[in-house]
Amino acid sequence: MGSLIYAPLTLVGFMVNEVVPKFAVGSSTGFIGFFQYIFGETSATALIGILVAKFGWVASNIVIYSACGLAALLLIYIMIHEARIRKALAR
């Protein structure tokens, strides 16, 4: 389950660093890390706790696996469209 925490955190940090100017990389990384931890970790812990209390662990696992599946589908969709855009720009 640790890969569900640290891998997305790292990937978001990489994405943010790609779009900010070089002089703002440190600040943007700090802000993103702070807000990810405060809002993401707090809300995820509270929401999963409520979900487990009302519906049990099976429901929380279904939600987490569904979110992973949706993220994979969105990634595939983005990869396909990125390839189309690159081909169009190469012409």
# chains A, B, ... in the order shown; residues from 1 in each chain; ligands from 1
>>> residues_around(residues="segment 15-19 of chain A", least_positions_apart="6", cutoff="8 Å", atoms="only C-alpha atoms", output="VMD selection string")
chain A and resid 25 28 to 29 32
>>> residues_around(residues="Ala71 of chain A", least_positions_apart="6", cutoff="12 Å", atoms="only C-alpha atoms", output="number ranges by chain")
A: 4, 8, 64-65, 77-78
>>> write_last_selection(atoms="N, CA and C atoms", output="mmCIF file, in the first residue's frame")
data_model
loop_
_atom_site.group_PDB
_atom_site.id
_atom_site.type_symbol
_atom_site.label_atom_id
_atom_site.label_comp_id
_atom_site.auth_asym_id
_atom_site.auth_seq_id
_atom_site.Cartn_x
_atom_site.Cartn_y
_atom_site.Cartn_z
ATOM 1 N N LEU A 4 0.942 3.391 -3.101
ATOM 2 C CA LEU A 4 -0.196 4.256 -3.383
ATOM 3 C C LEU A 4 -0.015 5.642 -2.771
ATOM 4 N N PRO A 8 2.501 8.474 -6.378
ATOM 5 C CA PRO A 8 1.777 9.648 -6.877
ATOM 6 C C PRO A 8 2.355 10.961 -6.359
ATOM 7 N N ILE A 64 -10.375 2.173 -3.638
ATOM 8 C CA ILE A 64 -8.967 2.394 -3.977
ATOM 9 C C ILE A 64 -8.612 1.725 -5.301
ATOM 10 N N TYR A 65 -9.041 0.481 -5.503
ATOM 11 C CA TYR A 65 -8.735 -0.209 -6.755
ATOM 12 C C TYR A 65 -9.460 0.423 -7.934
ATOM 13 N N TYR A 77 -5.445 7.144 -22.142
ATOM 14 C CA TYR A 77 -6.114 8.143 -22.982
ATOM 15 C C TYR A 77 -5.181 9.318 -23.278
ATOM 16 N N ILE A 78 -4.499 9.807 -22.253
ATOM 17 C CA ILE A 78 -3.580 10.931 -22.432
ATOM 18 C C ILE A 78 -2.409 10.536 -23.314
#
>>> select_by_dssp(residues="chain A", states="alpha helix (DSSP H)", output="count of residues only")
76
>>> residues_around(residues="segment 44-46 of chain A", least_positions_apart="6", cutoff="12 Å", atoms="only C-alpha atoms", output="ChimeraX atom specification")
/A:4-5,36-38,52-53,60,63-64
>>> atom_distance(atom1="atom CA of Gly40 of chain A", atom2="atom CA of Thr10 of chain A")
13.7 Å
>>> atom_distance(atom1="atom CA of Val12 of chain A", atom2="atom CA of Ile85 of chain A")
22.3 Å
>>> closest_residue(among="A:Ala88, A:Gly13, A:Ile50, A:Phe55", to="Phe31 of chain A", atoms="only C-alpha atoms")
A:Gly13
>>> atom_distance(atom1="atom CA of Leu74 of chain A", atom2="atom CA of Leu47 of chain A")
23.0 Å
>>> closest_residue(among="A:Trp57, A:Leu9, A:Val20, A:Gly49", to="Phe35 of chain A", atoms="only C-alpha atoms")
A:Leu9
>>> decode(residues="segment 3-49 of chain A", atoms="N, CA and C atoms", output="tab-separated table (two decimals), in the first residue's frame")
chain	number	residue	atom	x	y	z
A	3	SER	N	3.07	2.08	-2.06
A	3	SER	CA	3.23	2.61	-3.42
A	3	SER	C	2.06	3.51	-3.80
A	4	LEU	N	0.94	3.39	-3.10
A	4	LEU	CA	-0.20	4.26	-3.38
A	4	LEU	C	-0.01	5.64	-2.77
A	5	ILE	N	0.99	5.80	-1.93
A	5	ILE	CA	1.22	7.10	-1.30
A	5	ILE	C	2.40	7.81	-1.95
A	6	TYR	N	3.54	7.16	-2.02
A	6	TYR	CA	4.76	7.85	-2.41
A	6	TYR	C	4.92	7.99	-3.92
A	7	ALA	N	4.44	7.03	-4.69
A	7	ALA	CA	4.58	7.14	-6.15
A	7	ALA	C	3.78	8.32	-6.70
A	8	PRO	N	2.50	8.47	-6.38
A	8	PRO	CA	1.78	9.65	-6.88
A	8	PRO	C	2.36	10.96	-6.36
A	9	LEU	N	2.82	10.97	-5.12
A	9	LEU	CA	3.43	12.17	-4.57
A	9	LEU	C	4.64	12.59	-5.39
A	10	THR	N	5.47	11.64	-5.74
A	10	THR	CA	6.66	11.92	-6.54
A	10	THR	C	6.29	12.36	-7.95
A	11	LEU	N	5.32	11.70	-8.55
A	11	LEU	CA	4.92	12.05	-9.91
A	11	LEU	C	4.33	13.46	-9.99
A	12	VAL	N	3.54	13.84	-9.01
A	12	VAL	CA	2.99	15.20	-8.99
A	12	VAL	C	4.12	16.21	-8.85
A	13	GLY	N	5.09	15.91	-8.02
A	13	GLY	CA	6.24	16.80	-7.88
A	13	GLY	C	7.00	16.97	-9.19
A	14	PHE	N	7.17	15.88	-9.94
A	14	PHE	CA	7.83	15.96	-11.24
A	14	PHE	C	7.02	16.80	-12.22
A	15	MET	N	5.71	16.60	-12.23
A	15	MET	CA	4.86	17.36	-13.16
A	15	MET	C	4.91	18.85	-12.87
A	16	VAL	N	4.89	19.21	-11.61
A	16	VAL	CA	4.94	20.62	-11.25
A	16	VAL	C	6.27	21.22	-11.65
A	17	ASN	N	7.35	20.51	-11.44
A	17	ASN	CA	8.67	21.03	-11.78
A	17	ASN	C	8.86	21.20	-13.28
A	18	GLU	N	8.09	20.50	-14.08
A	18	GLU	CA	8.19	20.65	-15.53
A	18	GLU	C	7.58	21.95	-16.03
A	19	VAL	N	6.63	22.52	-15.31
A	19	VAL	CA	5.90	23.67	-15.83
A	19	VAL	C	6.28	25.00	-15.19
A	20	VAL	N	7.10	24.99	-14.16
A	20	VAL	CA	7.49	26.26	-13.53
A	20	VAL	C	8.87	26.67	-14.02
A	21	PRO	N	9.18	27.97	-13.96
A	21	PRO	CA	10.53	28.42	-14.33
A	21	PRO	C	11.58	27.87	-13.37
A	22	LYS	N	12.81	27.84	-13.82
A	22	LYS	CA	13.88	27.25	-13.02
A	22	LYS	C	14.06	27.92	-11.66
A	23	PHE	N	13.86	29.22	-11.60
A	23	PHE	CA	14.08	29.92	-10.33
A	23	PHE	C	12.99	29.63	-9.30
A	24	ALA	N	11.87	29.05	-9.72
A	24	ALA	CA	10.75	28.80	-8.81
A	24	ALA	C	10.57	27.33	-8.46
A	25	VAL	N	11.50	26.47	-8.88
A	25	VAL	CA	11.34	25.03	-8.65
A	25	VAL	C	11.30	24.70	-7.17
A	26	GLY	N	12.17	25.27	-6.39
A	26	GLY	CA	12.20	24.97	-4.96
A	26	GLY	C	10.92	25.41	-4.25
A	27	SER	N	10.47	26.62	-4.57
A	27	SER	CA	9.24	27.11	-3.95
A	27	SER	C	8.03	26.29	-4.35
A	28	SER	N	7.95	25.96	-5.63
A	28	SER	CA	6.79	25.19	-6.10
A	28	SER	C	6.78	23.79	-5.49
A	29	THR	N	7.94	23.19	-5.37
A	29	THR	CA	8.02	21.86	-4.76
A	29	THR	C	7.59	21.92	-3.29
A	30	GLY	N	8.02	22.96	-2.60
A	30	GLY	CA	7.62	23.12	-1.20
A	30	GLY	C	6.13	23.33	-1.03
A	31	PHE	N	5.56	24.21	-1.85
A	31	PHE	CA	4.12	24.47	-1.76
A	31	PHE	C	3.31	23.22	-2.10
A	32	ILE	N	3.69	22.54	-3.16
A	32	ILE	CA	2.95	21.34	-3.55
A	32	ILE	C	3.05	20.27	-2.47
A	33	GLY	N	4.23	20.06	-1.93
A	33	GLY	CA	4.39	19.07	-0.87
A	33	GLY	C	3.58	19.40	0.36
A	34	PHE	N	3.58	20.67	0.73
A	34	PHE	CA	2.82	21.11	1.90
A	34	PHE	C	1.32	20.89	1.70
A	35	PHE	N	0.80	21.36	0.58
A	35	PHE	CA	-0.64	21.25	0.35
A	35	PHE	C	-1.07	19.81	0.08
A	36	GLN	N	-0.20	19.02	-0.54
A	36	GLN	CA	-0.52	17.60	-0.71
A	36	GLN	C	-0.67	16.93	0.64
A	37	TYR	N	0.23	17.23	1.53
A	37	TYR	CA	0.20	16.58	2.83
A	37	TYR	C	-0.99	17.07	3.65
A	38	ILE	N	-1.18	18.37	3.71
A	38	ILE	CA	-2.25	18.92	4.54
A	38	ILE	C	-3.62	18.50	4.03
A	39	PHE	N	-3.90	18.75	2.76
A	39	PHE	CA	-5.24	18.47	2.24
A	39	PHE	C	-5.40	17.02	1.82
A	40	GLY	N	-4.45	16.48	1.09
A	40	GLY	CA	-4.57	15.13	0.58
A	40	GLY	C	-4.55	14.07	1.66
A	41	GLU	N	-3.55	14.11	2.49
A	41	GLU	CA	-3.41	13.09	3.53
A	41	GLU	C	-4.53	13.19	4.56
A	42	THR	N	-4.86	14.40	4.96
A	42	THR	CA	-5.91	14.58	5.96
A	42	THR	C	-7.27	14.14	5.44
A	43	SER	N	-7.62	14.59	4.24
A	43	SER	CA	-8.93	14.21	3.70
A	43	SER	C	-8.99	12.73	3.36
A	44	ALA	N	-7.90	12.18	2.84
A	44	ALA	CA	-7.91	10.75	2.50
A	44	ALA	C	-8.06	9.90	3.76
A	45	THR	N	-7.36	10.26	4.81
A	45	THR	CA	-7.47	9.50	6.06
A	45	THR	C	-8.88	9.59	6.63
A	46	ALA	N	-9.45	10.77	6.61
A	46	ALA	CA	-10.80	10.94	7.16
A	46	ALA	C	-11.84	10.21	6.30
A	47	LEU	N	-11.75	10.36	4.98
A	47	LEU	CA	-12.75	9.75	4.11
A	47	LEU	C	-12.66	8.22	4.11
A	48	ILE	N	-11.45	7.69	4.08
A	48	ILE	CA	-11.31	6.23	4.13
A	48	ILE	C	-11.78	5.72	5.49
A	49	GLY	N	-11.52	6.45	6.55
A	49	GLY	CA	-11.99	6.05	7.88
A	49	GLY	C	-13.51	6.02	7.95
